[in-house]
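Asks: So that you have it, the file is model_0.tsv, and it contains TSV, C-alpha atoms (C1' of nucleotides):
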```tsv
chain	number	residue	atom	x	y	z
A	1	MET	CA	102.12	24.85	245.63
A	2	SER	CA	102.17	21.14	245.06
A	3	ALA	CA	102.08	19.42	241.68
A	4	VAL	CA	100.28	16.32	242.95
A	5	PRO	CA	96.53	16.63	243.26
A	6	GLU	CA	95.69	16.85	246.93
A	7	GLN	CA	92.89	14.37	247.39
A	8	GLY	CA	92.30	14.88	251.05
A	9	PRO	CA	91.15	11.87	253.06
A	10	LEU	CA	91.92	8.50	251.52
A	11	ARG	CA	90.71	5.02	252.24
A	12	ILE	CA	92.83	1.95	252.48
A	13	GLY	CA	92.13	0.76	248.96
A	14	GLU	CA	93.21	4.03	247.41
A	15	VAL	CA	96.34	4.14	249.50
A	16	ALA	CA	97.08	0.62	248.39
A	17	GLN	CA	96.72	1.59	244.74
A	18	LEU	CA	98.80	4.70	245.12
A	19	THR	CA	101.60	2.76	246.76
A	20	GLY	CA	101.34	-0.35	244.65
A	21	THR	CA	100.44	-2.63	247.51
A	22	THR	CA	97.30	-4.18	248.89
A	23	PRO	CA	95.00	-3.32	251.76
A	24	ARG	CA	96.04	-6.52	253.46
A	25	THR	CA	99.64	-5.41	253.49
A	26	ILE	CA	98.77	-2.06	254.95
A	27	ARG	CA	96.70	-3.64	257.68
A	28	TYR	CA	99.49	-6.09	258.33
A	29	TYR	CA	102.02	-3.29	258.69
A	30	GLU	CA	99.74	-1.59	261.13
A	31	GLU	CA	99.27	-4.85	262.98
A	32	ILE	CA	102.98	-5.31	263.55
A	33	GLY	CA	103.47	-1.70	264.50
A	34	LEU	CA	105.23	-0.60	261.36
A	35	LEU	CA	102.48	1.85	260.61
A	36	PRO	CA	100.74	3.83	263.33
A	37	ALA	CA	97.18	2.92	264.24
A	38	ALA	CA	95.16	6.13	264.20
A	39	SER	CA	94.23	6.34	267.83
A	40	GLY	CA	90.74	7.80	267.62
A	41	ARG	CA	89.25	5.16	265.37
A	42	GLU	CA	86.03	3.45	266.40
A	43	PRO	CA	86.19	-0.32	266.13
A	44	GLY	CA	84.76	-1.31	262.78
A	45	ALA	CA	85.15	2.14	261.26
A	46	HIS	CA	87.10	2.59	258.05
A	47	ARG	CA	90.72	3.60	258.25
A	48	ILE	CA	91.39	7.02	256.83
A	49	TYR	CA	94.69	8.35	255.54
A	50	ALA	CA	96.19	11.60	254.36
A	51	GLU	CA	98.68	12.29	251.59
A	52	GLY	CA	101.48	12.28	254.11
A	53	ASP	CA	100.66	8.74	255.09
A	54	VAL	CA	101.01	7.68	251.49
A	55	GLU	CA	104.44	9.21	251.23
A	56	ARG	CA	105.61	7.64	254.43
A	57	LEU	CA	104.39	4.26	253.31
A	58	GLN	CA	106.13	4.70	249.99
A	59	ASP	CA	109.33	5.54	251.82
A	60	LEU	CA	108.97	2.43	253.90
A	61	LEU	CA	108.42	0.22	250.89
A	62	ARG	CA	111.36	1.74	249.11
A	63	LEU	CA	113.69	1.25	252.04
A	64	LYS	CA	112.52	-2.30	252.42
A	65	ASP	CA	113.00	-3.05	248.77
A	66	LEU	CA	116.23	-1.22	248.07
A	67	LEU	CA	117.98	-2.20	251.27
A	68	GLY	CA	116.52	-5.67	251.40
A	69	LEU	CA	115.32	-5.26	254.95
A	70	SER	CA	112.95	-7.54	256.78
A	71	LEU	CA	109.95	-5.85	258.31
A	72	GLU	CA	111.55	-6.20	261.69
A	73	GLU	CA	114.75	-4.55	260.56
A	74	LEU	CA	112.69	-1.88	258.90
A	75	HIS	CA	110.88	-1.41	262.15
A	76	ASP	CA	114.14	-1.01	264.01
A	77	LEU	CA	115.46	1.41	261.45
A	78	ILE	CA	112.54	3.77	261.56
A	79	SER	CA	112.09	2.90	265.16
A	80	ALA	CA	110.10	5.11	267.34
A	81	GLN	CA	107.81	5.46	264.38
A	82	ASP	CA	105.26	6.48	266.95
A	83	ALA	CA	107.75	8.63	268.77
A	84	ARG	CA	108.69	10.29	265.51
A	85	ALA	CA	105.11	10.83	264.57
A	86	ALA	CA	104.65	12.42	267.94
A	87	LEU	CA	107.65	14.62	267.28
A	88	ARG	CA	106.31	15.74	263.97
A	89	GLU	CA	102.99	16.40	265.63
A	90	GLU	CA	104.65	18.42	268.31
A	91	TRP	CA	106.60	20.33	265.72
A	92	HIS	CA	103.66	21.17	263.53
A	93	SER	CA	101.41	22.04	266.40
A	94	GLY	CA	103.92	24.79	266.97
A	95	VAL	CA	105.78	24.25	270.19
A	96	GLU	CA	107.40	27.49	271.11
A	97	ASP	CA	110.48	26.39	273.05
A	98	PRO	CA	113.35	26.66	270.54
A	99	VAL	CA	115.45	24.25	272.58
A	100	ARG	CA	112.76	21.64	272.19
A	101	ARG	CA	112.44	22.39	268.49
A	102	ARG	CA	116.14	21.94	268.14
A	103	GLN	CA	115.97	18.60	269.93
A	104	ILE	CA	113.30	17.45	267.53
A	105	LEU	CA	115.35	18.44	264.52
A	106	GLU	CA	118.43	16.75	265.89
A	107	GLU	CA	116.48	13.56	266.37
A	108	ALA	CA	115.28	13.75	262.82
A	109	VAL	CA	118.77	14.30	261.46
A	110	THR	CA	120.17	11.43	263.46
A	111	HIS	CA	117.42	9.31	262.09
A	112	ILE	CA	118.11	10.32	258.54
A	113	ASP	CA	121.79	9.66	259.08
A	114	ASN	CA	121.03	6.12	260.14
A	115	GLN	CA	119.24	5.54	256.89
A	116	LEU	CA	121.97	7.23	254.93
A	117	ARG	CA	124.58	4.93	256.40
A	118	LEU	CA	122.74	1.89	255.14
A	119	VAL	CA	121.99	3.44	251.79
A	120	ARG	CA	125.61	4.41	251.22
A	121	ARG	CA	126.81	0.96	252.11
A	122	ARG	CA	124.39	-0.50	249.64
A	123	ARG	CA	125.45	2.01	247.05
A	124	ASP	CA	129.06	0.94	247.50
A	125	GLU	CA	128.22	-2.74	247.29
A	126	ILE	CA	126.31	-2.15	244.11
A	127	ALA	CA	129.13	-0.06	242.69
A	128	GLN	CA	131.56	-2.82	243.51
A	129	LEU	CA	129.40	-5.36	241.74
A	130	GLU	CA	128.97	-3.10	238.75
A	131	GLY	CA	132.70	-2.65	238.54
A	132	GLU	CA	133.33	-6.36	238.54
A	133	LEU	CA	130.74	-6.95	235.88
A	134	ASN	CA	132.26	-4.24	233.73
A	135	ALA	CA	135.65	-5.85	234.16
A	136	LYS	CA	134.28	-9.22	233.12
A	137	ARG	CA	132.70	-7.62	230.13
A	138	ARG	CA	135.92	-5.97	229.10
A	139	ARG	CA	137.88	-9.20	229.45
A	140	ASN	CA	135.49	-10.99	227.18
A	141	ARG	CA	135.50	-8.22	224.64
A	142	ASP	CA	139.27	-8.28	224.63
A	143	ARG	CA	139.21	-11.96	223.95
A	144	MET	CA	136.82	-11.38	221.11
A	145	ARG	CA	139.09	-8.80	219.60
A	146	GLU	CA	141.97	-11.20	220.03
A	147	LEU	CA	140.02	-13.81	218.11
A	148	GLN	CA	139.25	-11.30	215.42
A	149	ARG	CA	142.92	-10.43	215.08
A	150	SER	CA	144.23	-13.97	214.88
A	151	GLY	CA	141.37	-14.98	212.61
A	152	ALA	CA	142.05	-12.18	210.15
A	153	THR	CA	145.48	-13.59	209.38
A	154	GLY	CA	144.32	-17.13	208.59
B	155	MET	CA	149.66	-16.39	240.55
B	156	SER	CA	146.58	-16.28	242.76
B	157	ALA	CA	146.45	-14.73	246.22
B	158	VAL	CA	143.81	-17.11	247.52
B	159	PRO	CA	145.09	-20.48	248.69
B	160	GLU	CA	144.04	-23.06	246.15
B	161	GLN	CA	142.54	-25.82	248.18
B	162	GLY	CA	141.63	-28.16	245.41
B	163	PRO	CA	138.52	-30.31	245.93
B	164	LEU	CA	136.07	-29.01	248.51
B	165	ARG	CA	133.15	-30.55	250.29
B	166	ILE	CA	129.78	-28.99	250.82
B	167	GLY	CA	130.50	-27.88	254.36
B	168	GLU	CA	133.61	-26.01	253.35
B	169	VAL	CA	131.87	-24.37	250.43
B	170	ALA	CA	129.12	-23.34	252.81
B	171	GLN	CA	131.63	-21.75	255.18
B	172	LEU	CA	133.49	-20.00	252.41
B	173	THR	CA	130.29	-18.51	251.05
B	174	GLY	CA	128.64	-17.82	254.36
B	175	THR	CA	125.74	-20.15	253.79
B	176	THR	CA	124.75	-23.62	254.86
B	177	PRO	CA	124.95	-27.03	253.23
B	178	ARG	CA	121.18	-27.14	253.19
B	179	THR	CA	121.04	-24.00	251.10
B	180	ILE	CA	123.53	-25.35	248.62
B	181	ARG	CA	121.63	-28.59	248.26
B	182	TYR	CA	118.42	-26.64	247.90
B	183	TYR	CA	119.87	-24.52	245.14
B	184	GLU	CA	120.97	-27.65	243.38
B	185	GLU	CA	117.53	-29.13	243.89
B	186	ILE	CA	115.79	-26.24	242.18
B	187	GLY	CA	118.32	-26.16	239.39
B	188	LEU	CA	120.07	-23.00	240.42
B	189	LEU	CA	123.31	-24.88	240.85
B	190	PRO	CA	124.35	-27.66	238.51
B	191	ALA	CA	124.24	-31.23	239.77
B	192	ALA	CA	127.60	-32.81	238.96
B	193	SER	CA	126.48	-35.45	236.55
B	194	GLY	CA	128.88	-38.27	237.39
B	195	ARG	CA	128.03	-38.53	241.06
B	196	GLU	CA	127.10	-41.92	242.49
B	197	PRO	CA	123.93	-41.78	244.59
B	198	GLY	CA	124.96	-41.34	248.19
B	199	ALA	CA	128.43	-40.10	247.36
B	200	HIS	CA	129.64	-36.77	248.70
B	201	ARG	CA	129.32	-33.70	246.53
B	202	ILE	CA	132.63	-32.21	245.55
B	203	TYR	CA	133.36	-28.68	244.46
B	204	ALA	CA	136.18	-26.62	243.03
B	205	GLU	CA	137.21	-23.06	243.71
B	206	GLY	CA	135.29	-21.92	240.68
B	207	ASP	CA	132.09	-23.29	242.14
B	208	VAL	CA	132.63	-21.20	245.23
B	209	GLU	CA	133.03	-18.05	243.22
B	210	ARG	CA	129.97	-18.73	241.15
B	211	LEU	CA	127.92	-19.39	244.26
B	212	GLN	CA	129.18	-16.18	245.78
B	213	ASP	CA	128.17	-14.32	242.66
B	214	LEU	CA	124.72	-15.84	242.88
B	215	LEU	CA	124.30	-14.88	246.50
B	216	ARG	CA	125.45	-11.38	245.81
B	217	LEU	CA	123.09	-10.91	242.91
B	218	LYS	CA	120.25	-12.26	244.94
B	219	ASP	CA	121.02	-10.03	247.87
B	220	LEU	CA	121.91	-6.81	246.08
B	221	LEU	CA	119.18	-6.99	243.48
B	222	GLY	CA	116.60	-8.47	245.78
B	223	LEU	CA	115.80	-11.31	243.43
B	224	SER	CA	113.78	-14.36	244.23
B	225	LEU	CA	115.46	-17.63	243.48
B	226	GLU	CA	113.24	-18.01	240.47
B	227	GLU	CA	114.18	-14.61	239.12
B	228	LEU	CA	117.77	-15.41	239.83
B	229	HIS	CA	117.34	-18.60	237.91
B	230	ASP	CA	115.93	-16.75	234.95
B	231	LEU	CA	118.70	-14.20	235.07
B	232	ILE	CA	121.54	-16.67	234.98
B	233	SER	CA	119.41	-18.95	232.91
B	234	ALA	CA	120.97	-21.70	231.01
B	235	GLN	CA	123.23	-22.12	234.00
B	236	ASP	CA	123.80	-25.55	232.66
B	237	ALA	CA	124.11	-24.29	229.13
B	238	ARG	CA	126.60	-21.73	230.29
B	239	ALA	CA	128.57	-24.27	232.23
B	240	ALA	CA	128.65	-26.32	229.05
B	241	LEU	CA	129.91	-23.31	227.16
B	242	ARG	CA	132.66	-22.68	229.64
B	243	GLU	CA	133.51	-26.34	229.47
B	244	GLU	CA	133.63	-26.22	225.73
B	245	TRP	CA	135.76	-23.11	225.87
B	246	HIS	CA	138.29	-24.47	228.30
B	247	SER	CA	138.48	-27.83	226.67
B	248	GLY	CA	139.87	-25.87	223.75
B	249	VAL	CA	137.49	-25.94	220.86
B	250	GLU	CA	139.39	-24.87	217.84
B	251	ASP	CA	136.75	-23.29	215.66
B	252	PRO	CA	137.17	-19.54	216.15
B	253	VAL	CA	133.62	-18.90	215.00
B	254	ARG	CA	132.36	-21.14	217.78
B	255	ARG	CA	134.64	-19.44	220.28
B	256	ARG	CA	133.28	-16.12	219.21
B	257	GLN	CA	129.73	-17.35	219.65
B	258	ILE	CA	130.54	-18.47	223.15
B	259	LEU	CA	132.03	-15.12	224.03
B	260	GLU	CA	129.10	-13.27	222.58
B	261	GLU	CA	126.73	-15.33	224.68
B	262	ALA	CA	128.75	-14.52	227.74
B	263	VAL	CA	128.76	-10.80	227.00
B	264	THR	CA	125.03	-10.77	226.40
B	265	HIS	CA	124.61	-12.53	229.66
B	266	ILE	CA	126.78	-10.05	231.53
B	267	ASP	CA	124.89	-7.21	229.91
B	268	ASN	CA	121.65	-8.58	231.27
B	269	GLN	CA	123.06	-8.48	234.74
B	270	LEU	CA	124.51	-5.04	234.19
B	271	ARG	CA	121.14	-3.68	233.18
B	272	LEU	CA	119.61	-4.75	236.45
B	273	VAL	CA	122.58	-3.59	238.48
B	274	ARG	CA	122.57	-0.17	236.90
B	275	ARG	CA	118.89	0.25	237.48
B	276	ARG	CA	119.41	-0.63	241.09
B	277	ARG	CA	122.31	1.74	241.29
B	278	ASP	CA	120.12	4.55	240.01
B	279	GLU	CA	117.31	3.77	242.39
B	280	ILE	CA	119.73	3.79	245.28
B	281	ALA	CA	121.28	7.03	244.08
B	282	GLN	CA	117.83	8.56	243.87
B	283	LEU	CA	117.06	7.50	247.40
B	284	GLU	CA	120.37	8.78	248.65
B	285	GLY	CA	119.73	12.11	246.99
B	286	GLU	CA	116.38	12.47	248.64
B	287	LEU	CA	117.77	11.61	252.03
B	288	ASN	CA	120.53	14.14	251.60
B	289	ALA	CA	117.96	16.74	250.67
B	290	LYS	CA	115.91	15.95	253.75
B	291	ARG	CA	119.02	16.22	255.82
B	292	ARG	CA	119.89	19.59	254.40
B	293	ARG	CA	116.41	20.92	254.97
B	294	ASN	CA	116.54	19.96	258.59
B	295	ARG	CA	120.00	21.43	259.06
B	296	ASP	CA	118.82	24.63	257.51
B	297	ARG	CA	115.97	24.78	259.94
B	298	MET	CA	118.37	24.20	262.79
B	299	ARG	CA	120.54	27.03	261.62
B	300	GLU	CA	117.47	29.19	261.34
B	301	LEU	CA	116.63	28.37	264.94
B	302	GLN	CA	120.15	29.19	265.98
B	303	ARG	CA	119.97	32.56	264.26
B	304	SER	CA	116.64	33.61	265.72
B	305	GLY	CA	117.63	32.26	269.10
B	306	ALA	CA	120.86	34.23	269.24
B	307	THR	CA	118.95	37.50	269.13
B	308	GLY	CA	116.58	36.76	272.04
C	309	DG	C1'	140.13	-52.09	259.67
C	310	DT	C1'	138.00	-49.33	262.88
C	311	DT	C1'	136.60	-44.89	264.28
C	312	DC	C1'	135.10	-40.50	263.86
C	313	DT	C1'	133.28	-36.87	261.43
C	314	DA	C1'	131.04	-34.89	257.70
C	315	DC	C1'	128.30	-36.26	254.46
C	316	DT	C1'	123.82	-38.54	252.11
C	317	DT	C1'	118.60	-38.69	251.24
C	318	DA	C1'	113.97	-38.11	252.86
C	319	DA	C1'	110.74	-36.04	255.22
C	320	DC	C1'	108.56	-32.94	258.01
C	321	DG	C1'	108.81	-28.25	260.35
C	322	DT	C1'	109.24	-23.14	260.44
C	323	DG	C1'	109.11	-17.94	260.09
C	324	DA	C1'	108.18	-14.12	257.25
C	325	DA	C1'	104.97	-11.77	254.60
C	326	DC	C1'	101.35	-11.70	253.10
C	327	DG	C1'	96.69	-14.07	250.33
C	328	DT	C1'	92.07	-15.50	250.74
C	329	DC	C1'	87.76	-16.36	252.31
C	330	DA	C1'	83.44	-15.28	255.20
C	331	DA	C1'	80.13	-12.57	257.61
C	332	DG	C1'	78.93	-8.39	258.63
C	333	DA	C1'	79.17	-3.30	259.02
C	334	DA	C1'	80.42	1.35	257.23
C	335	DC	C1'	80.23	4.73	253.56
C	336	DC	C1'	78.88	7.10	249.44
C	337	DC	C1'	75.20	8.08	246.21
C	338	DT	C1'	70.76	9.09	244.81
D	339	DA	C1'	66.07	5.35	253.21
D	340	DG	C1'	67.83	1.91	250.26
D	341	DG	C1'	71.46	-0.14	247.43
D	342	DG	C1'	75.96	-1.01	245.96
D	343	DT	C1'	80.63	-0.71	246.90
D	344	DT	C1'	84.30	-0.80	250.00
D	345	DC	C1'	85.60	-1.54	254.14
D	346	DT	C1'	86.03	-4.26	258.98
D	347	DT	C1'	87.71	-8.18	261.89
D	348	DG	C1'	88.94	-12.93	262.33
D	349	DA	C1'	90.69	-16.90	260.94
D	350	DC	C1'	92.82	-20.02	258.19
D	351	DG	C1'	95.75	-20.88	253.92
D	352	DT	C1'	99.95	-20.21	251.04
D	353	DT	C1'	104.59	-19.50	249.14
D	354	DC	C1'	109.33	-18.93	249.63
D	355	DA	C1'	113.56	-20.24	251.38
D	356	DC	C1'	115.36	-22.66	253.85
D	357	DG	C1'	115.88	-25.32	259.17
D	358	DT	C1'	115.78	-29.57	261.61
D	359	DT	C1'	115.73	-34.21	262.60
D	360	DA	C1'	116.49	-39.10	261.60
D	361	DA	C1'	118.73	-43.10	259.89
D	362	DG	C1'	122.17	-44.50	257.41
D	363	DT	C1'	126.82	-44.07	254.48
D	364	DA	C1'	131.28	-42.19	252.67
D	365	DG	C1'	135.63	-40.83	253.34
D	366	DA	C1'	139.66	-39.16	256.00
D	367	DA	C1'	142.64	-40.30	259.98
D	368	DC	C1'	144.80	-43.28	262.68
```
Could you show the structure in this file as structure tokens?
Replies:
Amino acid sequence: MSAVPEQGPLRIGEVAQLTGTTPRTIRYYEEIGLLPAASGREPGAHRIYAEGDVERLQDLLRLKDLLGLSLEELHDLISAQDARAALREEWHSGVEDPVRRRQILEEAVTHIDNQLRLVRRRRDEIAQLEGELNAKRRRNRDRMRELQRSGATG
Amino acid sequence: MSAVPEQGPLRIGEVAQLTGTTPRTIRYYEEIGLLPAASGREPGAHRIYAEGDVERLQDLLRLKDLLGLSLEELHDLISAQDARAALREEWHSGVEDPVRRRQILEEAVTHIDNQLRLVRRRRDEIAQLEGELNAKRRRNRDRMRELQRSGATG
DNA sequence: GTTCTACTTAACGTGAACGTCAAGAACCCT
DNA sequence: AGGGTTCTTGACGTTCACGTTAAGTAGAAC
């Protein structure tokens, strides 16, 4: 089904490589509550991750980078990271109540919409900047052509 | 001609307000060579700025923010800030040699193209992210509709 | 010419986001 | 079961991008 090789359980170093970060960063994110702290882990035991964790971390890093968010802002944005994880859990464990399922989906959509708002704003800001740079470029090229023209006569 | 009120010579505090930064930041940028250090200034004398300086600073801040550049990267990007200032100077002081003028313009265009490359890349990354978020959103909405449908029969 | 405010330099301080040891324990392999 | 690699926690260090404070000066306003 999936094109990426499912590697099953991963350790922190592999996750770091896959996401282009470092173990320290991952631990730090967990420390500040940006990443969940697998609840059943014995103290001193290795952290273990699944493919899904990698994707979520990649999403986080991308949001942080592309939106220029601080870790705190990022935390606010994806807030209820734990709550959301719980929701996903609840969803996948197959709650039967369709009303509840609908609630979960609505939460998720709201959440996505929050991100979309920020992304669209950024998109517009970038577009604005691009437009101005293109204008500058055109002005200069016009001047160059002007030079060419007046120079050709002399 | 211009819609903005030409205020003539500005002091650091005003420039800071106009650009939404602080005097400290402006001095810091000057310190690290990101902003030019008006050469004829007596030690201890106030820094003075023109409207053009404000715009250039705004451009810098925008590039930094929207592209997520460090001050060093920003420095590299607009490198030869001094050189460029000199070019502008030379241009406005009315050098006659059209070949020289053309050189100056070509430099400027190259420079703008460098910025455009980065901006476009960013634009694409943002677009990619936006696309994925929209896809996620659609998936969830589909699931909600699915719920609706199956729920309406029970 | 004083007065008041915004500026000057210099220096030290700060928060964010990790980096970098060190000592030891967990895991994988054979 | 032993050995090598990778991890664990804890603590301290570092870099970036300024903030803050202090002591004094410049410049605008009266």
Asks: Determine, using all atoms listed in the file, which residues of chain A have any atom at most 12 Å from an atom of chain D, and tabulate each with its shortest atom pair and distance in Å to one decimal place, rows ordered by chain and then rising number, as JSON lines.
Replies:
```
{"residue": "A:Arg11", "atom": "CA", "partner": "D:DC345", "partner_atom": "C1'", "distance": 8.5}
{"residue": "A:Ile12", "atom": "CA", "partner": "D:DC345", "partner_atom": "C1'", "distance": 8.2}
{"residue": "A:Gly13", "atom": "CA", "partner": "D:DT344", "partner_atom": "C1'", "distance": 8.1}
{"residue": "A:Glu14", "atom": "CA", "partner": "D:DT344", "partner_atom": "C1'", "distance": 10.5}
{"residue": "A:Pro23", "atom": "CA", "partner": "D:DC345", "partner_atom": "C1'", "distance": 9.9}
{"residue": "A:Arg24", "atom": "CA", "partner": "D:DC345", "partner_atom": "C1'", "distance": 11.6}
{"residue": "A:Arg27", "atom": "CA", "partner": "D:DT346", "partner_atom": "C1'", "distance": 10.8}
{"residue": "A:Arg41", "atom": "CA", "partner": "D:DT346", "partner_atom": "C1'", "distance": 11.8}
{"residue": "A:Glu42", "atom": "CA", "partner": "D:DT346", "partner_atom": "C1'", "distance": 10.7}
{"residue": "A:Pro43", "atom": "CA", "partner": "D:DT346", "partner_atom": "C1'", "distance": 8.2}
{"residue": "A:Gly44", "atom": "CA", "partner": "D:DT346", "partner_atom": "C1'", "distance": 5.0}
{"residue": "A:Ala45", "atom": "CA", "partner": "D:DT346", "partner_atom": "C1'", "distance": 6.9}
{"residue": "A:His46", "atom": "CA", "partner": "D:DC345", "partner_atom": "C1'", "distance": 5.9}
{"residue": "A:Arg47", "atom": "CA", "partner": "D:DC345", "partner_atom": "C1'", "distance": 8.3}
{"residue": "A:Ile48", "atom": "CA", "partner": "D:DC345", "partner_atom": "C1'", "distance": 10.7}
```
Asks: Output as JSON, numbers by chain the set of chain A residues within 9 Å of chain B, with distances taken over only C-alpha atoms.
Replies: {"A": [62, 63, 65, 66, 67, 68, 98, 99, 101, 102, 105, 106, 108, 109, 112, 113, 115, 116, 119, 120, 122, 123, 125, 126, 127, 129, 130, 133, 134, 136, 137, 138, 140, 141, 143, 144, 147, 148, 151]}
Asks: Output the contact residues of chain C with respect to chain A at a cut-off of 8 Å, based on all atoms listed in the file, as a PDB file with C-alpha atoms (C1' of nucleotides), keeping the file's coordinate frame.
Replies:
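iface_32.pdb written:
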```pdb
ATOM      1  C1'  DC C 326     101.350 -11.700 253.100  1.00  0.00           C
ATOM      2  C1'  DA C 333      79.170  -3.300 259.020  1.00  0.00           C
ATOM      3  C1'  DA C 334      80.420   1.350 257.230  1.00  0.00           C
TER       4       DA C 334
END
```
Asks: In Å, how far is it from atom C1' of DT317 of chain C to atom CA of Ala191 of chain B?
Replies: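 Atom-to-atom, atom C1' of DT317 of chain C to atom CA of Ala191 of chain B, that is 14.8 Å.
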Asks: By how many Å are atom CA of Ala38 of chain A and atom C1' of DA331 of chain C apart?
Replies: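 Straight-line distance from atom CA of Ala38 of chain A to atom C1' of DA331 of chain C works out to 24.9 Å.
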Asks: Need the axis-aligned box for segment 187-190 of chain B with 5 Å each side, so what are the centre and edges in Å to one decimal, as lines of an AutoDock Vina configuration file?
Replies:
```
center_x = 121.3
center_y = -25.3
center_z = 239.7
size_x = 16.0
size_y = 14.7
size_z = 12.3
```
Asks: Record the distance separating atom CA of Glu30 of chain A and atom C1' of DC336 of chain C, expressed in Å with one decimal.
Replies: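 Separating atom CA of Glu30 of chain A from atom C1' of DC336 of chain C is a distance of 25.4 Å.
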